[in-house]
$ cat my_file_26.txt   # compact mmCIF, C-alpha atoms
# COMPACT_ATOMS: atom_id res chain seq x y z
CA MET D 17 -17.55 -33.33 35.95
CA SER D 18 -20.47 -30.94 35.51
CA SER D 19 -18.13 -28.39 33.92
CA LEU D 20 -17.21 -31.02 31.32
CA LEU D 21 -20.89 -31.69 30.67
CA SER D 22 -21.72 -27.96 30.40
CA ASN D 23 -18.77 -27.48 28.07
CA TYR D 24 -20.06 -30.33 25.89
CA MET D 25 -23.59 -28.92 25.82
CA ARG D 26 -22.29 -25.44 24.91
CA LYS D 27 -20.22 -26.88 22.06
CA GLU D 28 -23.18 -28.92 20.87
CA GLN D 29 -25.34 -25.77 20.80
CA LEU D 30 -22.63 -23.91 18.85
CA LEU D 31 -22.45 -26.78 16.38
CA LYS D 32 -26.21 -26.64 15.83
CA GLU D 33 -26.04 -22.88 15.25
CA LEU D 34 -23.18 -23.29 12.77
CA GLN D 35 -25.04 -26.04 10.93
CA SER D 36 -28.09 -23.80 10.72
CA ASP D 37 -25.99 -20.90 9.35
CA LEU D 38 -24.34 -23.26 6.85
CA ALA D 39 -27.75 -24.52 5.64
CA LYS D 40 -28.89 -20.91 5.10
CA LEU D 41 -25.73 -20.16 3.09
CA GLU D 42 -26.15 -23.29 0.97
CA ASN D 43 -29.61 -22.10 -0.05
CA ASP D 44 -28.39 -18.60 -0.94
CA GLY D 45 -28.42 -18.10 -4.71
CA ARG D 46 -25.46 -15.71 -4.58
CA LEU D 47 -23.28 -18.38 -2.98
CA LYS D 48 -24.32 -20.88 -5.66
CA VAL D 49 -23.29 -18.44 -8.39
CA GLU D 50 -19.93 -17.74 -6.71
CA LEU D 51 -19.23 -21.45 -6.20
CA GLU D 52 -20.04 -22.15 -9.86
CA PHE D 53 -17.72 -19.32 -10.94
CA LYS D 54 -14.93 -20.62 -8.68
CA SER D 55 -15.34 -24.14 -10.04
CA LYS D 56 -15.24 -23.00 -13.67
CA LEU D 57 -12.26 -20.74 -12.99
CA GLU D 58 -10.33 -23.60 -11.37
CA GLU D 59 -11.11 -25.85 -14.35
CA LEU D 60 -9.90 -23.17 -16.74
CA MET D 61 -6.73 -22.59 -14.70
CA ALA D 62 -6.03 -26.33 -14.72
CA GLU D 63 -6.65 -26.53 -18.48
CA PHE D 64 -4.04 -23.83 -19.13
CA ASP D 65 -1.73 -24.88 -16.28
CA LYS D 66 -2.00 -21.52 -14.48
CA THR D 67 -1.95 -20.69 -10.78
CA ALA D 68 -4.04 -18.10 -8.95
CA SER D 69 -1.04 -15.74 -8.80
CA ASP D 70 -0.59 -16.10 -12.59
CA VAL D 71 -4.21 -15.04 -13.12
CA ILE D 72 -3.88 -12.13 -10.70
CA SER D 73 -0.73 -10.87 -12.40
CA LEU D 74 -2.50 -11.07 -15.77
CA LEU D 75 -5.53 -9.12 -14.56
CA ASP D 76 -3.85 -6.55 -12.29
CA PRO D 77 -2.98 -3.44 -14.33
CA LYS D 78 -0.89 -1.75 -11.61
CA PRO D 79 2.47 -3.45 -12.27
CA ILE D 80 2.14 -2.66 -16.00
CA GLU D 81 1.35 1.01 -15.35
CA GLU D 82 4.28 1.31 -12.93
CA ALA D 83 6.65 -0.30 -15.43
CA GLU D 84 5.48 2.06 -18.19
CA ARG D 85 5.95 5.11 -15.96
CA SER D 86 9.44 4.14 -14.85
CA GLY D 87 10.47 2.98 -18.32
CA GLY D 88 11.25 -0.56 -17.23
CA VAL D 89 10.77 -2.82 -14.27
CA ALA D 90 8.40 -1.56 -11.58
CA SER D 91 10.23 -0.25 -8.54
CA THR D 92 9.76 -1.82 -5.13
CA GLY D 93 10.36 1.40 -3.20
CA THR D 94 8.50 4.66 -3.28
CA SER D 95 7.63 6.07 -6.69
CA ARG D 96 8.62 9.59 -5.69
CA ARG D 97 12.03 10.87 -6.74
CA ARG D 98 14.34 11.94 -3.92
CA ARG D 99 14.64 15.71 -3.57
CA ARG D 100 17.90 17.50 -4.18
CA LEU D 101 20.01 18.58 -1.24
CA LYS D 102 20.33 22.36 -1.06
CA VAL D 103 22.97 24.06 1.04
CA TYR D 104 22.22 27.63 2.12
CA LYS D 105 24.70 30.02 3.74
CA ASN D 106 23.38 33.13 5.46
CA PRO D 107 25.87 35.91 4.57
CA ASN D 108 24.82 37.93 7.62
CA SER D 109 25.42 35.28 10.28
CA GLY D 110 27.56 32.74 8.38
CA GLU D 111 25.11 29.98 9.44
CA VAL D 112 24.88 27.02 7.02
CA ILE D 113 21.76 24.90 6.48
CA GLU D 114 21.46 21.68 4.47
CA THR D 115 17.91 20.63 3.54
CA ARG D 116 16.00 18.55 0.98
CA GLY D 117 12.76 20.48 1.36
CA GLY D 118 11.31 23.85 2.23
CA ASN D 119 9.92 22.77 5.59
CA HIS D 120 13.11 23.55 7.52
CA LYS D 121 12.38 25.73 10.58
CA VAL D 122 15.40 28.05 10.26
CA LEU D 123 14.99 28.30 6.47
CA LYS D 124 11.37 29.38 6.93
CA ALA D 125 12.45 32.01 9.46
CA TRP D 126 15.04 33.35 7.02
CA LYS D 127 12.45 33.52 4.23
CA ASP D 128 10.02 35.36 6.50
CA GLU D 129 12.70 37.83 7.53
CA HIS D 130 14.57 38.39 4.25
CA GLY D 131 12.17 37.19 1.52
CA ARG D 132 12.11 34.02 -0.56
CA GLU D 133 14.14 35.34 -3.49
CA THR D 134 16.88 36.71 -1.26
CA VAL D 135 17.22 33.44 0.66
CA GLU D 136 17.24 31.42 -2.59
CA SER D 137 20.20 33.54 -3.70
CA TRP D 138 22.08 32.21 -0.65
CA VAL D 139 22.20 28.67 -2.13
CA VAL D 140 25.87 27.70 -2.28
CA ARG D 141 25.50 24.09 -3.45
CA VAL D 142 22.87 21.73 -4.89
CA ASP D 143 23.46 17.97 -4.83
CA ASP D 144 21.30 15.10 -6.08
$ encode --input "my_file_26.txt" --output "structure tokens"
Amino acid sequence: MSSLLSNYMRKEQLLKELQSDLAKLENDGRLKVELEFKSKLEELMAEFDKTASDVISLLDPKPIEEAERSGGVASTGTSRRRRRLKVYKNPNSGEVIETRGGNHKVLKAWKDEHGRETVESWVVRVDD
């Protein structure tokens, strides 16, 4: 039973601390300004029958910029275009490599050994 009593007393102390913190917040001028803004904004939203998400979509410039860049609806995926697939064939060894970027280990080794221009001349196919 004493654990129940100590639990009650602990909760009572927490409640007093929370009430004290709440009283301090209520006297803070910044909170009063924010509450007034929120109240006026809610009144305005109700007057024009708008939701919070409507207001956010009106004020957020990102979807508009994305739509302008893509020439239409903003994409949901990445904004970066997929790289082309390049197929290289080493005429010396006959080895074939397919890659979408220049970070391929064997391709780098070829470029170090034979030079970039030479290896680029080994491209046999480019696909989108």
$ residues_around --input "my_file_26.txt" --residues "Asn106 (chain D)" --least-positions-apart "2" --cutoff "9 Å" --atoms "all atoms listed in the file" --output "list in words"
Tyr104, Asn108, Ser109, Gly110, Glu111, Val112, Ile113, Trp126, Val135, Trp138 and Val139 of chain D
$ closest_residue --input "my_file_26.txt" --among "D:His120, D:Lys32, D:Lys27, D:Lys40" --to "Val103 (chain D)" --atoms "only C-alpha atoms"
D:His120
$ atom_distance --input "my_file_26.txt" --atom1 "CA of Lys102 (chain D)" --atom2 "CA of Val140 (chain D)"
7.8 Å
$ atom_distance --input "my_file_26.txt" --atom1 "CA of Gln35 (chain D)" --atom2 "CA of Ser19 (chain D)"
24.1 Å
$ atom_distance --input "my_file_26.txt" --atom1 "CA of Pro107 (chain D)" --atom2 "CA of Lys124 (chain D)"
16.1 Å
$ residues_near_point --input "my_file_26.txt" --point "(15.0, 14.7, -4.0)" --cutoff "9 Å" --atoms "only C-alpha atoms" --output "number ranges by chain"
D: 96-101, 116-117, 144
$ decode --input "my_file_26.txt" --residues "region 20-74 of chain D" --atoms "C-alpha atoms" --output "CSV table (one decimal), in the first residue's frame"
chain,number,residue,atom,x,y,z
D,20,LEU,CA,0.5,3.2,-4.1
D,21,LEU,CA,0.8,6.2,-1.8
D,22,SER,CA,4.4,7.0,-3.0
D,23,ASN,CA,3.2,6.7,-6.6
D,24,TYR,CA,0.3,9.1,-5.8
D,25,MET,CA,2.6,11.6,-4.2
D,26,ARG,CA,5.1,11.4,-7.1
D,27,LYS,CA,2.3,12.0,-9.6
D,28,GLU,CA,0.9,14.9,-7.5
D,29,GLN,CA,4.4,16.5,-7.5
D,30,LEU,CA,4.7,16.1,-11.3
D,31,LEU,CA,1.2,17.7,-11.6
D,32,LYS,CA,2.3,20.7,-9.6
D,33,GLU,CA,5.5,21.1,-11.7
D,34,LEU,CA,3.5,20.9,-14.9
D,35,GLN,CA,1.0,23.4,-13.6
D,36,SER,CA,3.9,25.7,-12.7
D,37,ASP,CA,5.4,25.3,-16.2
D,38,LEU,CA,2.0,26.0,-17.8
D,39,ALA,CA,1.5,29.2,-15.7
D,40,LYS,CA,4.9,30.4,-16.9
D,41,LEU,CA,4.0,29.7,-20.5
D,42,GLU,CA,0.7,31.5,-20.2
D,43,ASN,CA,2.5,34.6,-19.0
D,44,ASP,CA,5.0,34.5,-21.9
D,45,GLY,CA,4.2,37.3,-24.4
D,46,ARG,CA,5.5,35.2,-27.3
D,47,LEU,CA,3.0,32.5,-26.6
D,48,LYS,CA,0.2,35.1,-26.5
D,49,VAL,CA,1.2,36.4,-29.9
D,50,GLU,CA,1.4,32.9,-31.4
D,51,LEU,CA,-2.0,31.9,-29.9
D,52,GLU,CA,-3.6,35.1,-31.4
D,53,PHE,CA,-2.1,34.4,-34.8
D,54,LYS,CA,-3.4,30.8,-34.7
D,55,SER,CA,-6.8,32.0,-33.7
D,56,LYS,CA,-7.0,34.6,-36.5
D,57,LEU,CA,-5.6,32.1,-39.0
D,58,GLU,CA,-8.3,29.5,-38.0
D,59,GLU,CA,-11.0,32.1,-38.4
D,60,LEU,CA,-9.7,33.1,-41.8
D,61,MET,CA,-9.5,29.4,-42.9
D,62,ALA,CA,-13.1,28.9,-41.7
D,63,GLU,CA,-14.2,32.0,-43.6
D,64,PHE,CA,-12.8,30.8,-46.8
D,65,ASP,CA,-13.6,27.1,-46.2
D,66,LYS,CA,-9.9,26.1,-46.3
D,67,THR,CA,-8.0,23.3,-44.5
D,68,ALA,CA,-4.5,23.5,-43.1
D,69,SER,CA,-3.2,21.4,-46.0
D,70,ASP,CA,-4.8,23.8,-48.5
D,71,VAL,CA,-3.0,26.7,-46.9
D,72,ILE,CA,0.3,24.8,-46.9
D,73,SER,CA,0.0,23.9,-50.5
D,74,LEU,CA,-0.7,27.5,-51.4
